[in-house]
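So this block is run.txt, compact mmCIF, C-alpha atoms:
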```
# COMPACT_ATOMS: atom_id res chain seq x y z
CA MET Z 1 -48.85 -37.63 22.45
CA LYS Z 2 -52.21 -38.74 23.85
CA THR Z 3 -54.19 -41.27 21.80
CA ARG Z 4 -56.97 -38.75 21.20
CA ASP Z 5 -54.51 -36.21 19.77
CA ARG Z 6 -52.81 -38.88 17.66
CA ILE Z 7 -56.19 -39.86 16.23
CA LEU Z 8 -57.02 -36.25 15.37
CA LYS Z 9 -53.65 -35.70 13.74
CA THR Z 10 -53.90 -38.83 11.60
CA ALA Z 11 -57.55 -38.19 10.68
CA LEU Z 12 -56.67 -34.64 9.60
CA ALA Z 13 -53.83 -35.91 7.40
CA LEU Z 14 -56.03 -38.56 5.76
CA PHE Z 15 -59.02 -36.22 5.31
CA ASN Z 16 -56.76 -33.59 3.74
CA GLU Z 17 -55.32 -36.18 1.38
CA SER Z 18 -58.48 -37.93 0.22
CA GLY Z 19 -61.40 -35.79 1.39
CA GLU Z 20 -63.45 -36.81 4.42
CA ALA Z 21 -65.93 -38.79 2.28
CA GLY Z 22 -63.12 -41.04 1.00
CA VAL Z 23 -61.79 -42.11 4.42
CA SER Z 24 -63.38 -44.63 6.81
CA LEU Z 25 -62.91 -45.00 10.57
CA ALA Z 26 -61.35 -48.42 9.82
CA GLN Z 27 -58.71 -46.78 7.63
CA ILE Z 28 -57.91 -44.26 10.35
CA ALA Z 29 -57.54 -47.04 12.95
CA ALA Z 30 -55.31 -49.02 10.55
CA ALA Z 31 -53.10 -45.99 9.85
CA LEU Z 32 -52.66 -45.55 13.64
CA ASP Z 33 -52.19 -49.26 14.23
CA ILE Z 34 -54.90 -49.26 16.91
CA SER Z 35 -58.10 -51.31 17.11
CA GLU Z 36 -61.38 -49.90 15.85
CA GLY Z 37 -62.69 -50.36 19.41
CA ASN Z 38 -59.98 -48.08 20.74
CA LEU Z 39 -60.77 -45.47 18.10
CA TRP Z 40 -64.48 -45.83 18.87
CA TYR Z 41 -63.76 -45.17 22.55
CA HIS Z 42 -62.61 -41.65 21.57
CA PHE Z 43 -64.79 -40.94 18.53
CA ARG Z 44 -68.02 -42.82 17.86
CA THR Z 45 -68.50 -41.54 14.30
CA LYS Z 46 -66.63 -39.84 11.51
CA ARG Z 47 -68.89 -36.88 12.12
CA ASP Z 48 -67.51 -36.62 15.71
CA LEU Z 49 -63.99 -36.53 14.28
CA ILE Z 50 -64.91 -33.83 11.77
CA ALA Z 51 -66.58 -31.78 14.52
CA ALA Z 52 -63.47 -32.09 16.73
CA LEU Z 53 -61.23 -30.92 13.86
CA LEU Z 54 -63.62 -28.02 13.26
CA ASP Z 55 -63.15 -27.16 16.98
CA GLU Z 56 -59.40 -27.04 16.40
CA LEU Z 57 -59.79 -24.81 13.35
CA GLU Z 58 -62.15 -22.47 15.22
CA GLN Z 59 -59.69 -22.18 18.10
CA THR Z 60 -56.76 -21.52 15.75
CA ILE Z 61 -58.69 -18.77 13.98
CA GLU Z 62 -59.90 -17.35 17.32
CA GLN Z 63 -56.31 -17.06 18.56
CA GLN Z 64 -55.16 -15.45 15.32
CA HIS Z 65 -58.00 -12.94 15.32
CA GLU Z 66 -57.80 -12.01 18.98
CA ARG Z 67 -54.12 -11.14 18.86
CA PRO Z 68 -53.92 -7.39 18.17
CA PRO Z 69 -51.86 -6.43 15.07
CA ALA Z 70 -48.15 -6.46 16.01
CA ASP Z 71 -47.51 -3.08 14.38
CA PRO Z 72 -50.68 -1.66 12.78
CA GLY Z 73 -48.74 1.13 11.03
CA ASN Z 74 -46.53 -1.32 9.15
CA VAL Z 75 -47.68 -3.16 6.02
CA SER Z 76 -45.61 -6.21 6.96
CA THR Z 77 -48.14 -6.86 9.76
CA TYR Z 78 -50.84 -7.44 7.14
CA ALA Z 79 -48.57 -9.55 4.94
CA ASP Z 80 -47.81 -11.71 7.99
CA TYR Z 81 -51.50 -12.11 8.68
CA SER Z 82 -52.16 -13.11 5.10
CA ARG Z 83 -49.36 -15.70 5.27
CA GLN Z 84 -50.74 -17.10 8.54
CA CYS Z 85 -54.23 -17.24 7.08
CA PHE Z 86 -52.92 -19.28 4.09
CA ARG Z 87 -51.11 -21.66 6.45
CA THR Z 88 -54.25 -22.27 8.50
CA MET Z 89 -56.36 -22.91 5.41
CA TRP Z 90 -53.75 -25.32 4.08
CA ALA Z 91 -53.49 -27.17 7.44
CA TYR Z 92 -57.28 -27.73 7.53
CA ARG Z 93 -57.89 -27.77 3.80
CA PHE Z 94 -60.41 -30.63 3.86
CA LEU Z 95 -62.75 -28.37 5.88
CA TYR Z 96 -62.51 -25.74 3.14
CA ARG Z 97 -63.23 -28.28 0.40
CA ALA Z 98 -66.10 -30.07 2.15
CA ARG Z 99 -69.64 -28.89 1.47
CA PHE Z 100 -71.76 -29.23 4.57
CA ASP Z 101 -75.39 -29.42 3.54
CA PRO Z 102 -77.54 -27.48 6.07
CA GLY Z 103 -80.39 -29.91 5.31
CA LYS Z 104 -78.23 -32.85 6.39
CA ASP Z 105 -76.14 -31.41 9.21
CA ARG Z 106 -77.25 -27.96 10.21
CA GLU Z 107 -74.74 -27.55 13.03
CA LEU Z 108 -71.65 -28.26 10.92
CA ALA Z 109 -72.99 -26.12 8.05
CA GLU Z 110 -73.61 -23.18 10.40
CA ARG Z 111 -70.21 -23.48 12.06
CA ARG Z 112 -68.53 -23.64 8.66
CA LEU Z 113 -70.47 -20.58 7.50
CA ALA Z 114 -69.46 -18.70 10.67
CA ILE Z 115 -65.80 -19.24 9.72
CA THR Z 116 -66.43 -17.70 6.29
CA VAL Z 117 -68.26 -14.71 7.75
CA ARG Z 118 -65.59 -14.19 10.40
CA GLY Z 119 -62.83 -14.22 7.78
CA HIS Z 120 -64.72 -11.56 5.87
CA HIS Z 121 -65.08 -9.34 8.95
CA HIS Z 122 -61.45 -9.84 9.82
CA SER Z 123 -60.32 -8.70 6.35
CA GLU Z 124 -62.66 -5.74 6.68
CA ARG Z 125 -61.13 -4.76 10.02
CA HIS Z 126 -57.60 -5.10 8.65
CA LEU Z 127 -58.23 -3.03 5.53
CA THR Z 128 -60.05 -0.37 7.56
CA GLU Z 129 -57.11 -0.32 9.98
CA MET Z 130 -54.67 0.07 7.06
CA ALA Z 131 -56.71 3.06 5.85
CA ARG Z 132 -56.80 4.53 9.36
CA CYS Z 133 -53.00 4.19 9.59
CA LYS Z 134 -52.67 5.99 6.20
CA LEU Z 135 -51.22 2.91 4.53
CA LEU Z 136 -54.20 2.66 2.20
CA ASP Z 137 -55.91 5.48 0.38
CA ALA Z 138 -59.33 3.98 -0.38
CA SER Z 139 -62.94 5.05 0.12
CA PRO Z 140 -65.33 2.86 2.16
CA SER Z 141 -66.88 1.49 -1.05
CA GLU Z 142 -63.42 0.74 -2.47
CA ILE Z 143 -62.55 -1.00 0.80
CA ALA Z 144 -65.74 -3.08 0.55
CA GLU Z 145 -64.75 -4.20 -2.97
CA LEU Z 146 -61.18 -4.87 -1.86
CA VAL Z 147 -62.43 -7.03 1.02
CA THR Z 148 -64.47 -9.19 -1.39
CA ALA Z 149 -61.57 -9.56 -3.83
CA ASP Z 150 -59.21 -10.30 -0.93
CA ARG Z 151 -61.54 -13.00 0.45
CA ILE Z 152 -62.03 -14.69 -2.93
CA VAL Z 153 -58.33 -14.69 -3.85
CA SER Z 154 -57.30 -15.91 -0.37
CA ARG Z 155 -60.01 -18.52 -0.09
CA TYR Z 156 -59.55 -20.03 -3.55
CA TRP Z 157 -55.81 -19.57 -3.99
CA PHE Z 158 -55.06 -23.27 -3.42
CA ASP Z 159 -58.00 -24.39 -5.56
CA TYR Z 160 -56.66 -22.16 -8.32
CA LEU Z 161 -53.10 -23.53 -8.00
CA GLN Z 162 -54.48 -27.06 -7.96
CA GLU Z 163 -56.75 -26.58 -10.96
CA ARG Z 164 -54.19 -24.67 -13.00
CA TYR Z 165 -50.90 -26.28 -11.95
CA GLY Z 166 -51.89 -29.52 -10.23
CA LEU Z 167 -50.71 -28.39 -6.77
CA VAL Z 168 -50.54 -31.28 -4.31
CA GLN Z 169 -48.08 -29.96 -1.74
CA LEU Z 170 -47.78 -26.37 -0.61
CA SER Z 171 -44.32 -24.87 -1.06
CA GLU Z 172 -43.08 -21.65 0.52
CA ALA Z 173 -43.05 -20.18 -3.00
CA ASP Z 174 -46.77 -20.95 -3.48
CA LEU Z 175 -47.51 -19.26 -0.19
CA GLN Z 176 -45.37 -16.24 -1.06
CA SER Z 177 -47.02 -15.88 -4.45
CA GLY Z 178 -50.42 -15.94 -2.70
CA VAL Z 179 -49.40 -13.06 -0.40
CA LYS Z 180 -47.99 -11.26 -3.46
CA GLN Z 181 -51.28 -11.71 -5.31
CA ILE Z 182 -53.20 -10.27 -2.33
CA PHE Z 183 -50.88 -7.28 -2.23
CA ALA Z 184 -51.34 -6.80 -5.98
CA LEU Z 185 -55.00 -6.11 -5.15
CA TYR Z 186 -54.01 -3.52 -2.54
CA ARG Z 187 -51.18 -1.93 -4.54
CA PRO Z 188 -53.15 0.70 -6.49
CA TYR Z 189 -54.47 1.97 -3.16
CA LEU Z 190 -51.23 1.85 -1.14
CA SER Z 191 -49.99 5.21 0.13
CA ALA Z 192 -46.49 6.52 -0.55
CA ALA Z 193 -45.58 5.61 3.05
CA ALA Z 194 -46.72 2.00 2.53
CA ARG Z 195 -44.79 1.75 -0.75
CA ALA Z 196 -41.67 3.06 0.95
CA GLN Z 197 -42.05 0.39 3.68
CA ILE Z 198 -42.36 -2.34 1.06
CA ALA Z 199 -39.32 -1.09 -0.89
CA ALA Z 200 -37.27 -0.95 2.34
CA ALA Z 201 -38.31 -4.50 3.30
CA MET Z 202 -37.28 -5.97 -0.07
CA PRO Z 203 -34.21 -8.21 0.03
CA PRO Z 204 -31.08 -6.29 -1.15
CA GLY Z 205 -30.59 -8.65 -4.11
CA ARG Z 206 -34.01 -7.92 -5.52
CA LYS Z 207 -33.67 -4.20 -4.91
CA ALA Z 208 -30.42 -4.20 -6.88
CA ALA Z 209 -32.06 -6.23 -9.67
CA ARG Z 210 -34.85 -3.69 -10.03
CA ARG Z 211 -32.51 -0.72 -10.43
CA MET N 1 -85.81 -32.31 -29.93
CA LYS N 2 -83.89 -35.50 -30.76
CA THR N 3 -83.63 -38.11 -28.01
CA ARG N 4 -79.85 -37.66 -27.81
CA ASP N 5 -80.24 -33.92 -27.20
CA ARG N 6 -83.01 -34.48 -24.67
CA ILE N 7 -80.76 -36.89 -22.78
CA LEU N 8 -77.90 -34.39 -22.72
CA LYS N 9 -80.16 -31.58 -21.54
CA THR N 10 -81.64 -33.66 -18.71
CA ALA N 11 -78.26 -35.08 -17.69
CA LEU N 12 -76.79 -31.57 -17.55
CA ALA N 13 -79.66 -30.35 -15.35
CA LEU N 14 -79.32 -33.32 -12.96
CA PHE N 15 -75.51 -33.16 -12.83
CA ASN N 16 -75.66 -29.42 -12.10
CA GLU N 17 -78.15 -30.02 -9.33
CA SER N 18 -76.55 -32.96 -7.54
CA GLY N 19 -73.02 -33.30 -8.95
CA GLU N 20 -72.22 -36.02 -11.49
CA ALA N 21 -71.23 -38.50 -8.74
CA GLY N 22 -74.71 -38.30 -7.20
CA VAL N 23 -76.67 -39.13 -10.36
CA SER N 24 -77.07 -42.58 -11.95
CA LEU N 25 -77.96 -43.48 -15.55
CA ALA N 26 -81.16 -45.04 -14.15
CA GLN N 27 -82.16 -41.69 -12.62
CA ILE N 28 -81.52 -39.91 -15.91
CA ALA N 29 -83.65 -42.45 -17.81
CA ALA N 30 -86.43 -42.11 -15.19
CA ALA N 31 -86.38 -38.30 -15.42
CA LEU N 32 -86.77 -38.60 -19.21
CA ASP N 33 -89.37 -41.32 -18.95
CA ILE N 34 -87.40 -43.56 -21.33
CA SER N 35 -86.04 -47.07 -20.78
CA GLU N 36 -82.48 -47.62 -19.62
CA GLY N 37 -81.98 -49.58 -22.85
CA ASN N 38 -82.91 -46.53 -24.90
CA LEU N 39 -80.53 -44.36 -22.90
CA TRP N 40 -77.83 -47.01 -23.26
CA TYR N 41 -78.31 -46.95 -27.04
CA HIS N 42 -77.08 -43.32 -27.01
CA PHE N 43 -74.65 -43.34 -24.07
CA ARG N 44 -73.10 -46.53 -22.71
CA THR N 45 -71.71 -44.99 -19.53
CA LYS N 46 -71.99 -41.90 -17.39
CA ARG N 47 -68.48 -41.10 -18.50
CA ASP N 48 -69.71 -40.93 -22.14
CA LEU N 49 -72.37 -38.45 -21.06
CA ILE N 50 -69.84 -36.31 -19.18
CA ALA N 51 -67.51 -36.36 -22.20
CA ALA N 52 -70.37 -35.29 -24.51
CA LEU N 53 -71.26 -32.39 -22.18
CA LEU N 54 -67.59 -31.42 -22.10
CA ASP N 55 -67.74 -31.36 -25.94
CA GLU N 56 -70.65 -28.91 -25.70
CA LEU N 57 -68.78 -26.69 -23.25
CA GLU N 58 -65.65 -26.72 -25.42
CA GLN N 59 -67.69 -25.73 -28.47
CA THR N 60 -69.47 -22.94 -26.59
CA ILE N 61 -66.15 -21.53 -25.38
CA GLU N 62 -64.61 -21.94 -28.84
CA GLN N 63 -67.41 -19.89 -30.40
CA GLN N 64 -67.14 -17.19 -27.74
CA HIS N 65 -63.38 -16.93 -28.09
CA GLU N 66 -63.29 -16.97 -31.87
CA ARG N 67 -65.72 -14.09 -32.26
CA PRO N 68 -63.62 -10.91 -32.50
CA PRO N 69 -64.46 -8.23 -29.88
CA ALA N 70 -67.53 -6.27 -31.07
CA ASP N 71 -65.93 -2.91 -30.34
CA PRO N 72 -62.41 -3.29 -28.89
CA GLY N 73 -62.20 0.42 -28.01
CA ASN N 74 -65.27 0.28 -25.78
CA VAL N 75 -65.18 -1.08 -22.22
CA SER N 76 -68.72 -2.45 -22.57
CA THR N 77 -67.30 -5.10 -24.94
CA TYR N 78 -65.26 -6.53 -22.05
CA ALA N 79 -68.16 -6.31 -19.60
CA ASP N 80 -70.29 -8.24 -22.11
CA TYR N 81 -67.60 -10.89 -22.40
CA SER N 82 -67.38 -11.20 -18.64
CA ARG N 83 -71.17 -11.59 -18.41
CA GLN N 84 -71.14 -14.26 -21.14
CA CYS N 85 -68.31 -16.08 -19.41
CA PHE N 86 -70.32 -16.18 -16.15
CA ARG N 87 -73.37 -17.51 -18.01
CA THR N 88 -71.37 -20.33 -19.60
CA MET N 89 -69.80 -21.32 -16.29
CA TRP N 90 -73.21 -21.34 -14.65
CA ALA N 91 -74.76 -23.41 -17.48
CA TYR N 92 -72.06 -26.10 -17.14
CA ARG N 93 -71.31 -25.60 -13.44
CA PHE N 94 -70.96 -29.31 -12.63
CA LEU N 95 -67.92 -29.43 -14.93
CA TYR N 96 -66.34 -26.62 -12.92
CA ARG N 97 -67.06 -28.35 -9.61
CA ALA N 98 -65.92 -31.83 -10.67
CA ARG N 99 -62.34 -32.84 -10.00
CA PHE N 100 -61.06 -35.09 -12.76
CA ASP N 101 -58.18 -37.11 -11.43
CA PRO N 102 -55.50 -37.49 -14.15
CA GLY N 103 -54.57 -40.86 -12.62
CA LYS N 104 -58.12 -42.13 -13.15
CA ASP N 105 -59.19 -40.43 -16.38
CA ARG N 106 -56.35 -38.66 -18.07
CA GLU N 107 -58.34 -37.55 -21.10
CA LEU N 108 -61.08 -35.77 -19.13
CA ALA N 109 -58.52 -34.23 -16.76
CA GLU N 110 -56.48 -32.87 -19.68
CA ARG N 111 -59.52 -31.50 -21.48
CA ARG N 112 -60.70 -29.83 -18.29
CA LEU N 113 -57.24 -28.32 -17.74
CA ALA N 114 -57.20 -27.03 -21.33
CA ILE N 115 -60.39 -25.06 -20.58
CA THR N 116 -58.70 -23.43 -17.56
CA VAL N 117 -55.57 -22.55 -19.55
CA ARG N 118 -57.64 -21.20 -22.44
CA GLY N 119 -59.65 -18.97 -20.12
CA HIS N 120 -56.42 -17.58 -18.75
CA HIS N 121 -55.07 -16.81 -22.22
CA HIS N 122 -58.35 -15.26 -23.25
CA SER N 123 -58.32 -12.89 -20.24
CA GLU N 124 -54.71 -12.07 -21.08
CA ARG N 125 -55.62 -11.18 -24.66
CA HIS N 126 -58.55 -9.05 -23.53
CA LEU N 127 -56.59 -7.09 -20.95
CA THR N 128 -53.72 -6.59 -23.40
CA GLU N 129 -56.24 -5.38 -25.98
CA MET N 130 -57.74 -2.96 -23.44
CA ALA N 131 -54.24 -1.57 -22.81
CA ARG N 132 -53.57 -1.30 -26.57
CA CYS N 133 -56.84 0.62 -27.00
CA LYS N 134 -55.80 2.99 -24.18
CA LEU N 135 -58.64 1.87 -21.93
CA LEU N 136 -56.21 0.48 -19.39
CA ASP N 137 -53.02 2.07 -18.16
CA ALA N 138 -51.11 -0.93 -16.80
CA SER N 139 -47.61 -2.34 -17.26
CA PRO N 140 -47.13 -5.92 -18.52
CA SER N 141 -46.45 -7.13 -14.97
CA GLU N 142 -49.57 -5.34 -13.69
CA ILE N 143 -51.55 -6.94 -16.52
CA ALA N 144 -50.20 -10.38 -15.52
CA GLU N 145 -51.38 -9.82 -11.93
CA LEU N 146 -54.74 -8.51 -13.13
CA VAL N 147 -55.21 -11.60 -15.31
CA THR N 148 -54.66 -13.89 -12.31
CA ALA N 149 -57.02 -11.90 -10.08
CA ASP N 150 -59.59 -11.76 -12.91
CA ARG N 151 -59.40 -15.53 -13.43
CA ILE N 152 -59.74 -16.33 -9.71
CA VAL N 153 -62.65 -13.94 -9.10
CA SER N 154 -64.48 -15.11 -12.27
CA ARG N 155 -63.85 -18.77 -11.72
CA TYR N 156 -64.84 -18.87 -8.04
CA TRP N 157 -67.55 -16.21 -8.01
CA PHE N 158 -70.37 -18.76 -7.75
CA ASP N 159 -68.49 -20.85 -5.18
CA TYR N 160 -68.04 -17.69 -3.14
CA LEU N 161 -71.74 -16.75 -3.40
CA GLN N 162 -72.71 -20.29 -2.49
CA GLU N 163 -70.37 -20.55 0.48
CA ARG N 164 -71.15 -17.09 1.80
CA TYR N 165 -74.82 -16.63 0.90
CA GLY N 166 -76.07 -20.13 0.09
CA LEU N 167 -76.62 -19.38 -3.62
CA VAL N 168 -78.66 -22.10 -5.34
CA GLN N 169 -80.06 -20.23 -8.33
CA LEU N 170 -78.27 -17.54 -10.30
CA SER N 171 -80.14 -14.23 -10.49
CA GLU N 172 -79.36 -11.38 -12.88
CA ALA N 173 -78.24 -9.40 -9.82
CA ASP N 174 -75.66 -12.08 -8.89
CA LEU N 175 -74.33 -11.98 -12.42
CA GLN N 176 -74.19 -8.18 -12.47
CA SER N 177 -72.41 -8.07 -9.13
CA GLY N 178 -69.84 -10.54 -10.55
CA VAL N 179 -69.15 -8.25 -13.52
CA LYS N 180 -68.97 -5.30 -11.10
CA GLN N 181 -66.46 -7.14 -8.94
CA ILE N 182 -64.29 -7.88 -12.02
CA PHE N 183 -64.40 -4.22 -13.01
CA ALA N 184 -63.46 -3.23 -9.46
CA LEU N 185 -60.17 -5.05 -10.13
CA TYR N 186 -59.64 -3.08 -13.36
CA ARG N 187 -60.83 0.28 -12.01
CA PRO N 188 -57.54 1.62 -10.58
CA TYR N 189 -55.98 1.04 -14.00
CA LEU N 190 -58.81 2.37 -16.19
CA SER N 191 -57.92 5.40 -18.32
CA ALA N 192 -59.90 8.65 -18.24
CA ALA N 193 -61.46 7.63 -21.58
CA ALA N 194 -62.63 4.29 -20.14
CA ARG N 195 -64.07 6.01 -17.05
CA ALA N 196 -65.94 8.47 -19.26
CA GLN N 197 -67.42 5.55 -21.25
CA ILE N 198 -68.57 3.88 -18.03
CA ALA N 199 -70.12 7.10 -16.68
CA ALA N 200 -71.92 7.66 -20.00
CA ALA N 201 -73.28 4.10 -20.00
CA MET N 202 -74.69 4.39 -16.47
CA PRO N 203 -78.49 4.55 -16.27
CA PRO N 204 -79.69 8.20 -15.83
CA GLY N 205 -81.22 7.44 -12.42
CA ARG N 206 -77.93 6.26 -10.97
CA LYS N 207 -76.01 9.13 -12.51
CA ALA N 208 -78.38 11.60 -10.84
CA ALA N 209 -78.04 9.75 -7.53
CA ARG N 210 -74.27 10.05 -7.61
CA ARG N 211 -74.25 13.80 -8.15
```
Give the structure from the file, written as structure tokens.
Amino acid sequence: MKTRDRILKTALALFNESGEAGVSLAQIAAALDISEGNLWYHFRTKRDLIAALLDELEQTIEQQHERPPADPGNVSTYADYSRQCFRTMWAYRFLYRARFDPGKDRELAERRLAITVRGHHHSERHLTEMARCKLLDASPSEIAELVTADRIVSRYWFDYLQERYGLVQLSEADLQSGVKQIFALYRPYLSAAARAQIAAAMPPGRKAARR
Amino acid sequence: MKTRDRILKTALALFNESGEAGVSLAQIAAALDISEGNLWYHFRTKRDLIAALLDELEQTIEQQHERPPADPGNVSTYADYSRQCFRTMWAYRFLYRARFDPGKDRELAERRLAITVRGHHHSERHLTEMARCKLLDASPSEIAELVTADRIVSRYWFDYLQERYGLVQLSEADLQSGVKQIFALYRPYLSAAARAQIAAAMPPGRKAARR
């Protein structure tokens, strides 16, 4: 791995652990066992490092959003997207916790806001697509409300788990329960076809248990 | 107003504005135009001030929770509670933003957690009561999911408005849209009786507009 990439990886891990305000460039250099001069050669300030990690997050989201839905007529496509969205937020969680003050750093604040707005539009597109594919039986105003609920539950799922249960490490179960909670929002509006897909996708053990 | 109460009021306003980490005892004394010695006579540390404001919040919540629902068979009772809950969270918003590390201050962290757990139980009681009064047609597992969604949307409503729209001051409209968003979660499960109550409570102008 190139030094620049190693720096970014280590900075991300430390920022996620302690918040970007609690980590100094010296600590990052020490964790990498490189000199501060070497670090400085790649990134002059902590702000440069944060901006580079924001680049990474933007590119990850871009790739996820550009890929057309694997199978728009199947609910599992939307569950997969939700799972992927949780993974991305967890991987870059310090960027979701940080508050960029537009008065102090307008560029970072605007880029961070753009991510929020994009996520909203992406949810909107997905729920509209689900309605178009007759998976969801909801009016445009119901879809608008669902989008807001979906965004809030997705966005703050980890904060909720942390505040309520002291989450420090994401388990597969936490991720699954997040997707389940999102689908609980959709459920009243799911069509018979969508419900049948979900029942068919359930592991045999659980299906038997529900009989 | 007694000096102690004036100090608490000013500290709360400053903490809400800048976060408790960004405000010093000296700044609080200056804002009150009293000496630091006078402030110190009432509160030795910032931690004492935070603990006293947490007392206030606990008492406010206690009073709200102890009062029996005004009219348990009427949905407006639950809308009123939701509105009140938003007002309390807004009034003490710094305590909802702060992260008390149990490793650093176990007492504050535990008291803060107790507030979260209590809110959850209170939502649970309310939704169960709505089902008992035939306002809600939901199974116990649906109620459990609704409680979680309700808690997340309530708890993070202001964070969402801030992140998405740059909210700095709460307007009545923001509060109303929060209550509306909570009721959007309930809506698929509301009984015909509950829907009739909501339609009857709607202002005449809006009823006419919907015809």
Neighbour list for range 80-96 of chain Z as a PDB file with C-alpha atoms, in the frame of the given file, cut-off 7 Å, all atoms listed in the file, skip fewer than 6 positions in-chain:
```
ATOM      1  CA  PHE Z  15     -59.020 -36.220   5.310  1.00  0.00           C
ATOM      2  CA  ASN Z  16     -56.760 -33.590   3.740  1.00  0.00           C
ATOM      3  CA  GLY Z  19     -61.400 -35.790   1.390  1.00  0.00           C
ATOM      4  CA  GLU Z  20     -63.450 -36.810   4.420  1.00  0.00           C
ATOM      5  CA  LEU Z  57     -59.790 -24.810  13.350  1.00  0.00           C
ATOM      6  CA  LEU Z 175     -47.510 -19.260  -0.190  1.00  0.00           C
ATOM      7  CA  VAL Z 179     -49.400 -13.060  -0.400  1.00  0.00           C
TER       8      VAL Z 179
END
```
Inset, instruction - Show me which bits of chain Z are within 8 Å of chain N, counting all atoms listed in the file, as a ChimeraX atom specification. - result: /Z:113,116-117,145,149,152-153,156-157,160,163-164,181,184-185,188
Suppose we keep C-alpha atoms; can you now write the selection as a PDB file, in the frame of the given file?
```
ATOM      1  CA  LEU Z 113     -70.470 -20.580   7.500  1.00  0.00           C
ATOM      2  CA  THR Z 116     -66.430 -17.700   6.290  1.00  0.00           C
ATOM      3  CA  VAL Z 117     -68.260 -14.710   7.750  1.00  0.00           C
ATOM      4  CA  GLU Z 145     -64.750  -4.200  -2.970  1.00  0.00           C
ATOM      5  CA  ALA Z 149     -61.570  -9.560  -3.830  1.00  0.00           C
ATOM      6  CA  ILE Z 152     -62.030 -14.690  -2.930  1.00  0.00           C
ATOM      7  CA  VAL Z 153     -58.330 -14.690  -3.850  1.00  0.00           C
ATOM      8  CA  TYR Z 156     -59.550 -20.030  -3.550  1.00  0.00           C
ATOM      9  CA  TRP Z 157     -55.810 -19.570  -3.990  1.00  0.00           C
ATOM     10  CA  TYR Z 160     -56.660 -22.160  -8.320  1.00  0.00           C
ATOM     11  CA  GLU Z 163     -56.750 -26.580 -10.960  1.00  0.00           C
ATOM     12  CA  ARG Z 164     -54.190 -24.670 -13.000  1.00  0.00           C
ATOM     13  CA  GLN Z 181     -51.280 -11.710  -5.310  1.00  0.00           C
ATOM     14  CA  ALA Z 184     -51.340  -6.800  -5.980  1.00  0.00           C
ATOM     15  CA  LEU Z 185     -55.000  -6.110  -5.150  1.00  0.00           C
ATOM     16  CA  PRO Z 188     -53.150   0.700  -6.490  1.00  0.00           C
TER      17      PRO Z 188
END
```
Inset, instruction - Find the spatial neighbours of range 123-139 of chain Z, counting all atoms listed in the file, within a cut-off of 6 Å - ignore same-chain residues fewer than 2 positions away - and output them as a PyMOL selection string. - result: chain Z and resi 73+120-121+141-142+147+189-191+194
Grab the residues selected above and save them as a CSV table (one decimal), in the coordinates of the input with C-alpha atoms.
```csv
chain,number,residue,atom,x,y,z
Z,73,GLY,CA,-48.7,1.1,11.0
Z,120,HIS,CA,-64.7,-11.6,5.9
Z,121,HIS,CA,-65.1,-9.3,9.0
Z,141,SER,CA,-66.9,1.5,-1.0
Z,142,GLU,CA,-63.4,0.7,-2.5
Z,147,VAL,CA,-62.4,-7.0,1.0
Z,189,TYR,CA,-54.5,2.0,-3.2
Z,190,LEU,CA,-51.2,1.8,-1.1
Z,191,SER,CA,-50.0,5.2,0.1
Z,194,ALA,CA,-46.7,2.0,2.5
```
Inset, instruction - Kindly give the distance, in Å, that separates CA of Gly22 in chain Z and CA of Lys46 in chain Z, rounded to a single decimal. - result: 11.1 Å
Inset, instruction - Could you tell me how far CA of Glu17 in chain Z lies from CA of Gln169 in chain Z, in Å and to one decimal? - result: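 Distance between the two atoms: 10.0 Å.
A straight line drawn from CA of Arg4 in chain N to CA of Glu66 in chain N is 26.8 Å long.
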Legend entry - N:Ser18, N:Thr77, N:Gln59, N:Thr10 ranked by distance to Ala30 in chain N, top pick (using all atoms listed in the file): N:Thr10
Inset, instruction - Mind checking which residues fall within 12 Å of Glu56 in chain Z, counting only C-alpha atoms, ignoring those fewer than 2 positions away in the same chain, and posting them as a ChimeraX atom specification? - result: /Z:5,8-9,12,49-54,58-63,88,91-92,95
As AutoDock Vina command-line options, please report the centre and edge lengths, rounded to one decimal in Å, of the axis-aligned box that holds all listed atoms of range 65-72 of chain Z with 5 Å of padding on each of the six sides.
```
--center_x -52.8 --center_y -7.3 --center_z 15.9 --size_x 20.5 --size_y 21.3 --size_z 16.2
```
